[in-house]
>>> print(open('run_25.cif').read())   # mmCIF, C-alpha atoms
data_protein
loop_
_atom_site.label_atom_id
_atom_site.label_comp_id
_atom_site.auth_asym_id
_atom_site.auth_seq_id
_atom_site.Cartn_x
_atom_site.Cartn_y
_atom_site.Cartn_z
CA MET A 25 6.81 20.08 -32.85
CA ASN A 26 8.49 18.97 -29.68
CA TYR A 27 6.08 19.13 -26.77
CA THR A 28 8.56 17.98 -24.19
CA ASP A 29 10.50 21.24 -24.54
CA ILE A 30 7.53 23.30 -23.38
CA LEU A 31 6.81 21.10 -20.40
CA SER A 32 10.33 20.78 -19.06
CA SER A 33 11.08 24.46 -19.24
CA LYS A 34 8.05 25.55 -17.22
CA PHE A 35 7.73 23.13 -14.33
CA GLU A 36 8.84 19.78 -13.04
CA PRO A 37 6.45 16.89 -13.64
CA GLU A 38 4.55 15.86 -10.57
CA THR A 39 6.11 12.79 -9.04
CA THR A 40 5.44 10.69 -6.03
CA GLY A 41 8.83 11.23 -4.42
CA THR A 42 7.92 8.76 -1.89
CA THR A 43 8.39 6.03 0.63
CA ILE A 44 6.35 2.90 0.05
CA MET A 45 6.63 -0.46 1.72
CA ALA A 46 4.93 -3.83 1.98
CA VAL A 47 5.77 -6.71 4.31
CA ILE A 48 4.32 -10.21 4.54
CA TYR A 49 3.72 -11.51 8.05
CA ASP A 50 2.30 -14.71 9.40
CA GLY A 51 -1.32 -14.44 8.25
CA GLY A 52 -1.36 -11.48 5.89
CA LEU A 53 0.54 -8.42 4.86
CA ILE A 54 1.07 -4.84 5.99
CA ILE A 55 1.37 -1.96 3.53
CA GLY A 56 2.73 1.44 4.47
CA ALA A 57 3.29 4.73 2.66
CA ASP A 58 3.98 8.38 3.35
CA SER A 59 1.66 11.11 2.06
CA ARG A 60 3.77 13.66 0.16
CA THR A 61 3.38 14.38 -3.55
CA SER A 62 6.02 16.79 -4.75
CA SER A 63 6.27 18.95 -7.87
CA GLY A 64 9.95 19.80 -7.82
CA GLN A 65 10.37 21.54 -4.51
CA PHE A 66 6.71 22.29 -3.96
CA VAL A 67 4.51 19.91 -1.98
CA ALA A 68 1.54 19.53 -4.29
CA ASP A 69 -0.43 17.21 -2.03
CA ARG A 70 0.44 16.77 1.65
CA CYS A 71 -2.07 14.06 2.44
CA ALA A 72 -1.98 11.84 -0.64
CA ASP A 73 -3.10 8.25 -0.53
CA LYS A 74 -0.49 6.21 -2.34
CA ILE A 75 -2.11 2.91 -1.51
CA ASP A 76 -4.32 2.37 -4.51
CA TYR A 77 -7.24 -0.01 -4.64
CA VAL A 78 -6.96 -2.54 -7.46
CA HIS A 79 -9.32 -5.18 -6.14
CA ASP A 80 -10.89 -6.23 -2.83
CA ARG A 81 -7.68 -7.88 -1.68
CA ILE A 82 -5.15 -6.38 -4.15
CA PHE A 83 -3.45 -3.02 -3.74
CA CYS A 84 -0.69 -1.20 -5.52
CA LEU A 85 1.88 1.26 -4.22
CA ARG A 86 2.98 3.85 -6.74
CA SER A 87 6.30 5.65 -7.17
CA GLY A 88 7.72 7.68 -10.03
CA SER A 89 5.59 9.97 -12.16
CA ALA A 90 2.20 10.49 -10.53
CA ALA A 91 0.50 10.86 -13.92
CA ASP A 92 1.97 7.66 -15.34
CA THR A 93 1.21 5.52 -12.30
CA GLN A 94 -2.29 6.87 -11.79
CA ILE A 95 -3.44 6.12 -15.30
CA ILE A 96 -1.84 2.67 -15.34
CA ALA A 97 -3.48 1.82 -12.03
CA LYS A 98 -6.78 2.99 -13.46
CA TYR A 99 -6.48 0.69 -16.46
CA VAL A 100 -5.41 -2.29 -14.37
CA ARG A 101 -8.28 -1.67 -11.94
CA TYR A 102 -10.67 -1.80 -14.87
CA TYR A 103 -9.12 -4.93 -16.39
CA ILE A 104 -9.08 -6.74 -13.05
CA ASP A 105 -12.70 -5.79 -12.43
CA ALA A 106 -13.78 -7.27 -15.76
CA HIS A 107 -11.60 -10.33 -15.19
CA ALA A 108 -13.03 -10.92 -11.71
CA GLN A 109 -16.57 -10.63 -13.04
CA GLU A 110 -15.90 -13.36 -15.59
CA LEU A 111 -13.93 -15.48 -13.16
CA GLY A 112 -16.57 -15.35 -10.46
CA ARG A 113 -14.00 -15.45 -7.67
CA LEU A 114 -11.12 -13.38 -6.32
CA PRO A 115 -8.41 -12.73 -8.92
CA ALA A 116 -4.83 -13.82 -8.31
CA VAL A 117 -2.36 -11.16 -7.16
CA ALA A 118 0.00 -12.44 -9.84
CA THR A 119 -2.62 -11.59 -12.48
CA ALA A 120 -2.72 -7.97 -11.36
CA ALA A 121 1.07 -7.88 -11.24
CA ASN A 122 1.24 -9.22 -14.77
CA LEU A 123 -1.20 -6.60 -16.06
CA PHE A 124 0.91 -3.84 -14.52
CA ARG A 125 4.01 -5.49 -15.95
CA ASN A 126 2.63 -5.42 -19.48
CA PHE A 127 2.28 -1.64 -19.32
CA LEU A 128 5.65 -1.05 -17.72
CA TYR A 129 7.47 -3.33 -20.15
CA GLU A 130 5.81 -2.32 -23.43
CA TYR A 131 6.18 1.37 -22.73
CA LYS A 132 9.41 1.27 -20.81
CA ASP A 133 10.92 4.08 -22.91
CA SER A 134 8.06 6.51 -22.20
CA LEU A 135 7.10 5.75 -18.63
CA SER A 136 8.65 6.62 -15.33
CA ALA A 137 6.84 4.21 -13.05
CA ALA A 138 7.86 1.73 -10.40
CA ILE A 139 5.11 -0.17 -8.63
CA ILE A 140 4.71 -2.58 -5.75
CA VAL A 141 1.70 -4.87 -6.10
CA ALA A 142 0.63 -6.42 -2.81
CA GLY A 143 -2.38 -8.48 -1.88
CA TRP A 144 -3.94 -11.68 -0.71
CA ASP A 145 -5.58 -14.38 -2.81
CA PRO A 146 -7.08 -17.75 -1.91
CA TYR A 147 -4.58 -19.62 -4.11
CA LYS A 148 -1.24 -18.56 -2.66
CA GLY A 149 -2.08 -16.36 0.33
CA PRO A 150 -0.31 -13.02 0.82
CA GLN A 151 2.07 -12.03 -1.98
CA ILE A 152 4.19 -9.04 -2.90
CA PHE A 153 5.44 -8.32 -6.43
CA THR A 154 8.00 -5.59 -7.08
CA LEU A 155 7.91 -4.00 -10.53
CA PRO A 156 10.90 -1.70 -10.98
CA LEU A 157 11.47 0.74 -13.85
CA GLY A 158 12.23 -1.65 -16.71
CA GLY A 159 9.16 -3.85 -16.32
CA SER A 160 10.56 -6.89 -14.55
CA VAL A 161 8.44 -8.72 -11.97
CA ILE A 162 10.11 -10.01 -8.83
CA GLU A 163 8.22 -11.72 -6.03
CA GLN A 164 9.45 -10.91 -2.54
CA LYS A 165 8.52 -11.35 1.10
CA TRP A 166 9.05 -7.65 1.73
CA SER A 167 9.61 -4.69 -0.53
CA ILE A 168 10.45 -1.01 -0.21
CA GLY A 169 10.27 1.60 -2.93
CA GLY A 170 10.37 5.27 -3.77
CA SER A 171 13.06 7.84 -3.16
CA GLY A 172 12.81 7.42 0.62
CA SER A 173 13.58 3.74 0.43
CA THR A 174 17.27 4.41 -0.22
CA PHE A 175 17.62 5.66 3.36
CA ILE A 176 16.19 2.59 5.02
CA TRP A 177 17.77 -0.37 3.24
CA GLY A 178 20.10 -0.89 6.18
CA PHE A 179 17.31 -0.57 8.71
CA CYS A 180 15.11 -3.02 6.82
CA ASP A 181 17.85 -5.56 6.07
CA SER A 182 18.74 -5.77 9.75
CA ASN A 183 15.24 -5.65 11.24
CA TYR A 184 13.29 -7.89 8.89
CA LYS A 185 12.48 -11.37 10.18
CA GLU A 186 10.48 -14.14 8.54
CA ASN A 187 7.04 -15.02 9.95
CA MET A 188 6.57 -11.92 12.07
CA THR A 189 3.36 -11.42 14.00
CA LEU A 190 0.94 -8.67 13.01
CA GLN A 191 2.23 -6.39 15.78
CA GLU A 192 5.87 -6.93 14.85
CA ALA A 193 5.21 -6.35 11.16
CA ARG A 194 3.18 -3.21 11.85
CA ALA A 195 5.94 -1.79 14.04
CA PHE A 196 8.54 -2.69 11.43
CA VAL A 197 6.68 -0.89 8.63
CA LEU A 198 5.78 2.09 10.82
CA HIS A 199 9.35 2.69 11.95
CA ALA A 200 10.88 2.05 8.55
CA VAL A 201 8.60 4.53 6.77
CA ALA A 202 9.12 7.04 9.59
CA HIS A 203 12.89 6.79 9.28
CA ALA A 204 12.69 7.29 5.54
CA MET A 205 10.46 10.35 5.93
CA TYR A 206 12.87 11.68 8.53
CA ARG A 207 15.69 11.92 5.99
CA ASP A 208 14.06 12.14 2.58
CA GLY A 209 12.90 15.59 1.55
CA SER A 210 10.51 14.08 -0.99
CA SER A 211 8.71 12.00 1.64
CA GLY A 212 6.73 13.36 4.52
CA GLY A 213 3.40 14.15 6.11
CA ILE A 214 1.40 11.35 7.65
CA ILE A 215 1.79 7.59 7.39
CA ARG A 216 -0.95 5.41 6.00
CA LEU A 217 -0.97 1.74 6.95
CA LEU A 218 -3.07 -1.05 5.56
CA ASN A 219 -3.45 -4.56 6.94
CA VAL A 220 -4.57 -7.12 4.34
CA THR A 221 -5.74 -10.50 5.52
CA LYS A 222 -8.06 -13.20 4.27
CA ASP A 223 -10.98 -11.81 6.26
CA LYS A 224 -10.59 -8.07 6.17
CA ILE A 225 -8.82 -4.87 5.19
CA GLU A 226 -7.87 -2.49 7.99
CA ARG A 227 -6.80 1.04 7.14
CA GLU A 228 -4.88 3.06 9.67
CA PHE A 229 -4.11 6.77 9.69
CA ILE A 230 -1.00 7.73 11.64
CA ASP A 231 -1.22 11.43 12.40
CA TYR A 232 1.94 13.53 12.12
CA LYS A 233 2.14 13.80 15.89
CA ASP A 234 2.17 10.01 16.22
CA VAL A 235 4.95 9.36 13.69
CA PRO A 236 7.65 7.67 15.81
CA VAL A 237 10.65 9.47 14.32
CA LYS A 238 10.43 13.25 13.69
CA MET B 153 26.50 0.60 -23.44
CA ILE B 154 23.51 2.80 -24.13
CA PHE B 155 21.50 2.86 -27.33
CA ASN B 156 20.10 6.26 -28.18
CA SER B 157 18.32 7.06 -31.40
CA GLU B 158 16.90 10.54 -31.82
CA ILE B 159 13.86 10.17 -34.03
CA SER B 160 12.43 13.48 -32.94
CA GLY B 161 8.72 13.75 -32.37
CA GLN B 162 8.03 10.10 -33.13
CA GLN B 163 8.40 7.12 -30.86
CA GLN B 164 11.92 6.89 -29.54
CA HIS B 165 13.39 3.47 -29.00
CA THR B 166 16.06 4.00 -26.40
CA THR B 167 17.10 1.11 -24.29
CA SER B 168 19.42 1.33 -21.36
CA PRO B 169 19.18 -1.42 -18.82
CA VAL B 170 17.54 -0.83 -15.45
CA VAL B 171 17.54 -4.12 -13.57
CA THR B 172 20.46 -6.27 -14.67
CA GLY B 173 21.59 -9.83 -14.08
CA GLY B 174 25.22 -10.90 -13.91
CA SER B 175 27.42 -13.33 -15.76
CA VAL B 176 26.35 -16.71 -17.04
CA ILE B 177 28.81 -19.57 -17.58
CA ALA B 178 27.94 -22.73 -19.50
CA LEU B 179 29.96 -25.84 -20.32
CA VAL B 180 29.38 -29.14 -22.04
CA TYR B 181 30.49 -32.23 -20.19
CA ASN B 182 30.45 -35.95 -20.85
CA GLY B 183 26.73 -36.64 -21.01
CA GLY B 184 25.17 -33.20 -20.97
CA VAL B 185 25.40 -29.46 -20.67
CA ILE B 186 25.64 -27.41 -17.49
CA VAL B 187 24.79 -23.73 -16.96
CA GLY B 188 25.63 -21.60 -13.93
CA SER B 189 24.66 -18.08 -12.92
CA ASP B 190 24.46 -16.08 -9.74
CA THR B 191 21.20 -15.16 -8.04
CA LEU B 192 21.54 -11.38 -8.05
CA CYS B 193 19.73 -8.70 -10.00
CA SER B 194 21.31 -5.28 -9.70
CA TYR B 195 19.57 -1.92 -9.93
CA GLY B 196 22.45 0.12 -11.26
CA SER B 197 25.13 -0.26 -8.65
CA MET B 198 22.74 -1.46 -5.97
CA ALA B 199 22.39 -5.16 -5.24
CA ALA B 200 18.61 -4.93 -5.20
CA PHE B 201 17.22 -8.43 -5.61
CA LYS B 202 19.23 -11.21 -4.08
CA ASN B 203 17.26 -14.38 -4.53
CA VAL B 204 16.45 -14.39 -8.22
CA GLN B 205 16.35 -17.51 -10.37
CA LYS B 206 17.94 -16.64 -13.69
CA ILE B 207 18.08 -20.11 -15.24
CA VAL B 208 14.77 -21.34 -16.55
CA GLN B 209 13.55 -24.61 -18.02
CA ILE B 210 12.06 -23.97 -21.44
CA SER B 211 11.16 -27.51 -22.38
CA GLN B 212 11.82 -31.06 -21.33
CA ASN B 213 15.37 -30.91 -22.68
CA THR B 214 16.22 -27.22 -22.91
CA ILE B 215 17.25 -24.58 -20.42
CA TYR B 216 17.71 -20.86 -20.91
CA ALA B 217 19.70 -18.25 -19.01
CA SER B 218 20.87 -14.77 -19.81
CA SER B 219 22.70 -11.77 -18.46
CA GLY B 220 21.47 -8.23 -19.01
CA GLU B 221 18.13 -6.50 -18.54
CA TYR B 222 15.95 -8.74 -16.36
CA SER B 223 12.63 -7.60 -17.82
CA ASP B 224 13.85 -8.62 -21.27
CA PHE B 225 14.86 -12.00 -19.83
CA GLN B 226 11.32 -12.46 -18.54
CA GLN B 227 9.93 -11.42 -21.92
CA VAL B 228 12.13 -13.94 -23.75
CA VAL B 229 10.94 -16.70 -21.41
CA LYS B 230 7.37 -15.83 -22.41
CA GLU B 231 8.26 -15.77 -26.11
CA LEU B 232 10.03 -19.14 -25.97
CA ALA B 233 7.13 -20.70 -24.07
CA LYS B 234 4.84 -19.68 -26.94
CA ILE B 235 6.85 -21.73 -29.41
CA ASP B 236 6.12 -25.06 -27.80
CA ARG B 237 2.45 -24.15 -27.41
CA SER B 238 2.05 -23.14 -31.03
CA ALA B 239 3.89 -26.28 -32.15
CA LEU B 240 1.09 -28.25 -30.50
CA GLN B 241 -1.26 -26.99 -33.17
CA TYR B 242 0.44 -29.17 -35.75
CA ASP B 243 -0.63 -32.13 -33.64
CA ASP B 244 2.20 -34.27 -34.93
CA GLY B 245 3.90 -35.00 -31.62
CA VAL B 246 7.02 -33.10 -32.66
CA HIS B 247 8.46 -30.82 -30.00
CA PRO B 248 10.90 -28.03 -30.75
CA SER B 249 14.52 -29.07 -30.25
CA PRO B 250 17.01 -26.93 -28.32
CA LYS B 251 18.39 -25.69 -31.61
CA ASP B 252 14.93 -24.52 -32.66
CA TYR B 253 14.78 -22.32 -29.59
CA GLY B 254 18.29 -21.02 -30.18
CA ASN B 255 17.54 -20.19 -33.77
CA PHE B 256 14.27 -18.48 -32.94
CA LEU B 257 15.93 -16.34 -30.31
CA ALA B 258 18.68 -15.37 -32.75
CA ARG B 259 16.13 -14.26 -35.37
CA LEU B 260 14.09 -12.38 -32.78
CA SER B 261 17.18 -10.62 -31.41
CA TYR B 262 18.32 -9.67 -34.89
CA LYS B 263 14.92 -8.29 -35.81
CA LYS B 264 14.87 -6.10 -32.74
CA ARG B 265 18.46 -5.04 -33.35
CA CYS B 266 17.49 -3.86 -36.82
CA LYS B 267 14.82 -1.64 -35.32
CA ILE B 268 17.36 -0.17 -32.90
CA ASN B 269 15.27 -1.60 -30.06
CA PRO B 270 17.27 -4.57 -28.86
CA LEU B 271 16.60 -7.16 -26.25
CA TYR B 272 19.33 -6.04 -23.91
CA LEU B 273 20.64 -9.53 -23.26
CA GLN B 274 23.38 -12.05 -23.84
CA ASN B 275 21.44 -15.28 -24.06
CA VAL B 276 22.53 -18.85 -23.44
CA ILE B 277 20.46 -21.80 -24.66
CA ALA B 278 21.51 -25.24 -23.49
CA GLY B 279 19.97 -28.61 -24.24
CA PHE B 280 20.33 -32.29 -24.91
CA HIS B 281 18.57 -33.75 -27.93
CA ASN B 282 18.98 -37.03 -29.81
CA LYS B 283 22.01 -37.89 -27.70
CA GLU B 284 23.64 -34.65 -28.86
CA ARG B 285 24.72 -31.86 -26.52
CA TYR B 286 23.62 -28.39 -27.55
CA LEU B 287 24.99 -25.09 -26.31
CA ALA B 288 24.59 -21.71 -28.01
CA LEU B 289 25.09 -18.04 -27.35
CA VAL B 290 22.81 -15.38 -28.84
CA ASP B 291 24.03 -11.88 -28.19
CA ILE B 292 22.37 -8.47 -28.16
CA TYR B 293 22.72 -8.07 -31.94
CA GLY B 294 21.35 -11.49 -32.78
CA THR B 295 24.72 -13.12 -33.41
CA TYR B 296 24.33 -16.87 -33.09
CA LEU B 297 27.28 -19.00 -31.97
CA GLU B 298 27.26 -22.68 -31.06
CA SER B 299 30.12 -23.64 -28.81
CA ASN B 300 31.36 -26.08 -26.19
CA PHE B 301 31.68 -23.42 -23.54
CA ILE B 302 30.11 -20.00 -23.17
CA THR B 303 30.68 -17.06 -20.89
CA THR B 304 28.73 -13.81 -20.80
CA GLY B 305 29.40 -10.45 -19.23
CA PHE B 306 32.39 -10.08 -16.99
CA ALA B 307 33.02 -13.80 -17.03
CA SER B 308 34.28 -13.44 -20.60
CA TYR B 309 37.25 -11.54 -19.25
CA PHE B 310 38.09 -13.57 -16.17
CA CYS B 311 36.85 -17.07 -16.68
CA LYS B 312 37.94 -18.17 -20.11
CA ALA B 313 41.46 -18.81 -18.81
CA ILE B 314 40.18 -20.92 -15.93
CA ILE B 315 37.95 -22.89 -18.25
CA SER B 316 40.74 -23.47 -20.79
CA ASN B 317 43.04 -24.84 -18.11
CA TYR B 318 40.73 -26.95 -15.99
CA TRP B 319 37.98 -28.15 -18.28
CA ASN B 320 37.67 -30.30 -21.34
CA GLU B 321 34.56 -31.27 -23.23
CA ASN B 322 34.59 -34.83 -21.91
CA CYS B 323 34.97 -34.14 -18.23
CA THR B 324 32.50 -35.44 -15.67
CA LEU B 325 29.53 -33.49 -14.32
CA GLU B 326 31.29 -32.99 -10.98
CA GLN B 327 34.41 -31.65 -12.65
CA ALA B 328 32.36 -29.24 -14.73
CA LYS B 329 30.50 -28.05 -11.62
CA GLN B 330 33.80 -27.41 -9.85
CA VAL B 331 35.12 -25.37 -12.77
CA ILE B 332 31.98 -23.22 -12.76
CA ARG B 333 32.21 -22.75 -8.99
CA GLU B 334 35.84 -21.64 -9.33
CA CYS B 335 34.82 -19.15 -12.00
CA PHE B 336 32.16 -17.62 -9.80
CA LYS B 337 34.60 -17.36 -6.91
CA VAL B 338 36.84 -15.25 -9.11
CA LEU B 339 33.88 -13.21 -10.29
CA PHE B 340 32.74 -12.53 -6.74
CA CYS B 341 36.23 -11.29 -5.92
CA ARG B 342 36.63 -9.11 -8.98
CA ASP B 343 33.17 -8.15 -10.29
CA CYS B 344 31.32 -5.45 -8.35
CA ARG B 345 28.00 -6.67 -9.65
CA ALA B 346 28.48 -10.30 -8.65
CA HIS B 347 27.10 -12.26 -5.73
CA ASP B 348 28.52 -15.37 -4.09
CA VAL B 349 25.27 -17.33 -4.15
CA ILE B 350 25.03 -19.21 -7.44
CA GLN B 351 22.69 -21.65 -9.08
CA LEU B 352 23.61 -24.56 -11.32
CA ALA B 353 21.40 -26.32 -13.82
CA TYR B 354 22.18 -29.15 -16.19
CA VAL B 355 20.50 -31.08 -18.99
CA ASP B 356 21.30 -34.68 -19.74
CA GLU B 357 19.57 -37.72 -21.16
CA GLN B 358 17.20 -37.86 -18.19
CA GLY B 359 16.04 -34.29 -18.67
CA THR B 360 16.65 -30.96 -16.99
CA HIS B 361 17.81 -30.52 -13.40
CA ILE B 362 17.86 -27.13 -11.73
CA GLU B 363 19.66 -27.23 -8.40
CA GLU B 364 19.05 -25.20 -5.27
CA PRO B 365 21.15 -22.03 -4.91
CA GLU B 366 24.50 -22.54 -3.16
CA ARG B 367 27.10 -20.19 -1.72
CA VAL B 368 30.64 -20.46 -3.11
CA GLU B 369 33.51 -20.45 -0.64
CA THR B 370 35.92 -17.57 -1.11
CA LYS B 371 39.08 -17.15 0.91
CA TRP B 372 39.83 -13.78 2.47
CA ASP B 373 42.02 -14.65 5.45
CA PHE B 374 45.35 -14.51 3.68
CA ASN B 375 48.16 -13.24 5.88
CA GLY B 376 49.00 -10.70 3.23
CA PHE B 377 45.45 -9.37 3.45
CA LYS B 378 45.41 -9.24 7.25
CA SER B 379 48.75 -7.62 7.84
CA ARG B 380 48.11 -4.85 5.35
CA ALA B 381 45.88 -3.24 7.91
CA ASN B 382 48.84 -2.96 10.24
CA GLU B 383 51.30 -1.60 7.74
CA LYS B 384 54.23 -0.17 9.62
CA LEU B 385 54.72 2.76 7.29
CA HIS B 386 53.37 5.17 9.86
CA THR B 387 54.64 4.83 13.37
CA GLN B 388 53.47 7.13 16.05
#
>>> encode(input="run_25.cif", output="structure tokens")
Amino acid sequence: MNYTDILSSKFEPETTGTTIMAVIYDGGLIIGADSRTSSGQFVADRCADKIDYVHDRIFCLRSGSAADTQIIAKYVRYYIDAHAQELGRLPAVATAANLFRNFLYEYKDSLSAAIIVAGWDPYKGPQIFTLPLGGSVIEQKWSIGGSGSTFIWGFCDSNYKENMTLQEARAFVLHAVAHAMYRDGSSGGIIRLLNVTKDKIEREFIDYKDVPVK
Amino acid sequence: MIFNSEISGQQQHTTSPVVTGGSVIALVYNGGVIVGSDTLCSYGSMAAFKNVQKIVQISQNTIYASSGEYSDFQQVVKELAKIDRSALQYDDGVHPSPKDYGNFLARLSYKKRCKINPLYLQNVIAGFHNKERYLALVDIYGTYLESNFITTGFASYFCKAIISNYWNENCTLEQAKQVIRECFKVLFCRDCRAHDVIQLAYVDEQGTHIEEPERVETKWDFNGFKSRANEKLHTQ
């Protein structure tokens, strides 16, 4: 009995055709994402939140199959919660990244999931880990992902600078995600930004009318 | 090369690489073994990750590098690290030798090959133990070959000639480094998935040394290259 035949003939699996981005600046990191979840050509959710809570200072950005990434994030959230309880202090971002990695690597043949893990910990400060399809883990100072990212590699390569200020990093992420949404049919809607620092988390909602490139 | 086994209904073990690392070149020299690789991981045709360290120290006198699927490389590093830890349980002060690592990796690769679920890698293990140089290749099927020089990936096509002509097994460290740099220059010119920033690492009696990444100098300003743009075939 081949279940995949039934599924593929009726409708496309729901994916986060997406633009996701994280950038480290001097003092923290900025995370940005669009808000479109598509099911083939249909926009299933036009105000999705792709910035998932993993722990108080650890977030993940999901791209690929929405079902796959949601359930993996749920497991990792649970594992990190238990781990943090036992540890008695903030967990390392690398720990969360490794837990995601174990899923993506062990089940690489069945999953369609690419994840960016971004956060702050008291041991190494702000960190970003990119986990592409096969289950590798690569630490970077900035990372873009999702279908929309293909359109902004040039923009990001030329505009990224080390040790940006908060304002510069925020503008960089905002414009990059906006440019990706401008050209990628699978990205769109509003932009969600998140500023992660040692002291606080600041969420920002950029309404459609305030998106810089339309 | 894509492995595809249709075991319908059950778990399918298909493995085609997603994030891939480029060629690795390794040579013995008078007093040790040196390994070189570039610092790029490609995502298909895209040069996605440009500052990646693909040569890793496994133990005091062993280094490991590979070309192929990067997540499998990271997994092998974890597996090899377990060996030294579990050897501690014997509490006899004996540490695994480079050959122990090479042999383990060969058996692991063969086991996975038999299940049609390979580690998508060409592995290089290099070490220096009991005043003996050690260099081995373990390929995707688990074939184990000890040799004085090893090339993986595209380098096997382009670099063996350079190595044969400019290297011998008793050359100095500097000479060996130069040969590897020359090889990567050629690879950068002729391999689409190569990068001109490389990293060298060597093992000798003192232990392992992993150097900082360096950019190889390639020459593009040949007159023949420049004047082609102004070819006088079309005059208007």
>>> resolve_selection(input="run_25.cif", expression="the PyMOL selection byres ((chain A) within 9 of (chain B))", output="list in words")
Met25, Asn26, Tyr27, Tyr129, Lys132, Asp133, Ser134, Pro156, Leu157, Gly158, Gly159, Ser160, Val161, Ile162, Glu163 and Gln164 of chain A
>>> closest_residue(input="run_25.cif", among="A:Arg113, A:His199, A:Lys238, A:Arg194", to="Pro146 of chain A", atoms="only C-alpha atoms")
A:Arg113
>>> closest_residue(input="run_25.cif", among="B:Phe301, B:Lys264, B:Lys371, B:Val185", to="His281 of chain B", atoms="all atoms listed in the file")
B:Val185
>>> residues_around(input="run_25.cif", residues="Tyr253 of chain B", least_positions_apart="6", cutoff="12 Å", atoms="only C-alpha atoms", output="ChimeraX atom specification")
/B:209-211,213-216,228-229,231-236,239,247,259-260,275-279,286-290,296
>>> atom_distance(input="run_25.cif", atom1="atom CA of Asn187 of chain A", atom2="atom CA of Gly52 of chain A")
10.0 Å
>>> atom_distance(input="run_25.cif", atom1="atom CA of Thr61 of chain A", atom2="atom CA of Gly41 of chain A")
6.4 Å
>>> resolve_selection(input="run_25.cif", expression="the PyMOL selection byres ((chain A and resi 101) around 10)", output="VMD selection string")
chain A and resid 76 to 79 82 to 84 95 to 100 102 to 107 120 123 to 124
>>> write_last_selection(input="run_25.cif", atoms="C-alpha atoms", output="CSV table (one decimal), keeping the file's coordinate frame")
chain,number,residue,atom,x,y,z
A,76,ASP,CA,-4.3,2.4,-4.5
A,77,TYR,CA,-7.2,0.0,-4.6
A,78,VAL,CA,-7.0,-2.5,-7.5
A,79,HIS,CA,-9.3,-5.2,-6.1
A,82,ILE,CA,-5.2,-6.4,-4.2
A,83,PHE,CA,-3.4,-3.0,-3.7
A,84,CYS,CA,-0.7,-1.2,-5.5
A,95,ILE,CA,-3.4,6.1,-15.3
A,96,ILE,CA,-1.8,2.7,-15.3
A,97,ALA,CA,-3.5,1.8,-12.0
A,98,LYS,CA,-6.8,3.0,-13.5
A,99,TYR,CA,-6.5,0.7,-16.5
A,100,VAL,CA,-5.4,-2.3,-14.4
A,102,TYR,CA,-10.7,-1.8,-14.9
A,103,TYR,CA,-9.1,-4.9,-16.4
A,104,ILE,CA,-9.1,-6.7,-13.0
A,105,ASP,CA,-12.7,-5.8,-12.4
A,106,ALA,CA,-13.8,-7.3,-15.8
A,107,HIS,CA,-11.6,-10.3,-15.2
A,120,ALA,CA,-2.7,-8.0,-11.4
A,123,LEU,CA,-1.2,-6.6,-16.1
A,124,PHE,CA,0.9,-3.8,-14.5
>>> resolve_selection(input="run_25.cif", expression="the PyMOL selection byres ((chain B and resi 273) around 6)", output="VMD selection string")
chain B and resid 219 to 220 271 to 272 274 to 275 292
>>> write_last_selection(input="run_25.cif", atoms="C-alpha atoms", output="PDB file, in the coordinates of the input")
ATOM      1  CA  SER B 219      22.700 -11.770 -18.460  1.00  0.00           C
ATOM      2  CA  GLY B 220      21.470  -8.230 -19.010  1.00  0.00           C
ATOM      3  CA  LEU B 271      16.600  -7.160 -26.250  1.00  0.00           C
ATOM      4  CA  TYR B 272      19.330  -6.040 -23.910  1.00  0.00           C
ATOM      5  CA  GLN B 274      23.380 -12.050 -23.840  1.00  0.00           C
ATOM      6  CA  ASN B 275      21.440 -15.280 -24.060  1.00  0.00           C
ATOM      7  CA  ILE B 292      22.370  -8.470 -28.160  1.00  0.00           C
TER       8      ILE B 292
END
>>> residues_around(input="run_25.cif", residues="Val201 of chain A", least_positions_apart="3", cutoff="7 Å", atoms="all atoms listed in the file", output="number ranges by chain")
A: 43, 57-58, 197-198, 204-205
>>> residues_around(input="run_25.cif", residues="segment 231-237 of chain A", least_positions_apart="4", cutoff="8 Å", atoms="only C-alpha atoms", output="number ranges by chain")
A: 198-199, 202-203, 206, 213-215
>>> residues_near_point(input="run_25.cif", point="(37.3, -18.1, -9.4)", cutoff="10 Å", atoms="only C-alpha atoms", output="list in words")
Ala307, Phe310, Cys311, Ile314, Gln330, Val331, Ile332, Arg333, Glu334, Cys335, Phe336, Lys337, Val338, Leu339, Phe340, Cys341, Arg342, Val368, Glu369 and Thr370 of chain B
>>> build_atoms(input="run_25.cif", residues="segment 194-198 of chain B", atoms="N, CA and C atoms", output="PDB file, in the coordinates of the input")
ATOM      1  N   SER B 194      20.856  -6.585 -10.175  1.00  0.00           N
ATOM      2  CA  SER B 194      21.310  -5.280  -9.700  1.00  0.00           C
ATOM      3  C   SER B 194      20.455  -4.158 -10.267  1.00  0.00           C
ATOM      4  N   TYR B 195      20.285  -3.138  -9.483  1.00  0.00           N
ATOM      5  CA  TYR B 195      19.570  -1.920  -9.930  1.00  0.00           C
ATOM      6  C   TYR B 195      20.625  -0.841 -10.009  1.00  0.00           C
ATOM      7  N   GLY B 196      21.282  -0.742 -11.160  1.00  0.00           N
ATOM      8  CA  GLY B 196      22.450   0.120 -11.260  1.00  0.00           C
ATOM      9  C   GLY B 196      23.569  -0.478 -10.431  1.00  0.00           C
ATOM     10  N   SER B 197      24.066   0.288  -9.474  1.00  0.00           N
ATOM     11  CA  SER B 197      25.130  -0.260  -8.650  1.00  0.00           C
ATOM     12  C   SER B 197      24.590  -0.956  -7.408  1.00  0.00           C
ATOM     13  N   MET B 198      23.302  -0.876  -7.183  1.00  0.00           N
ATOM     14  CA  MET B 198      22.740  -1.460  -5.970  1.00  0.00           C
ATOM     15  C   MET B 198      22.395  -2.925  -6.171  1.00  0.00           C
TER      16      MET B 198
END
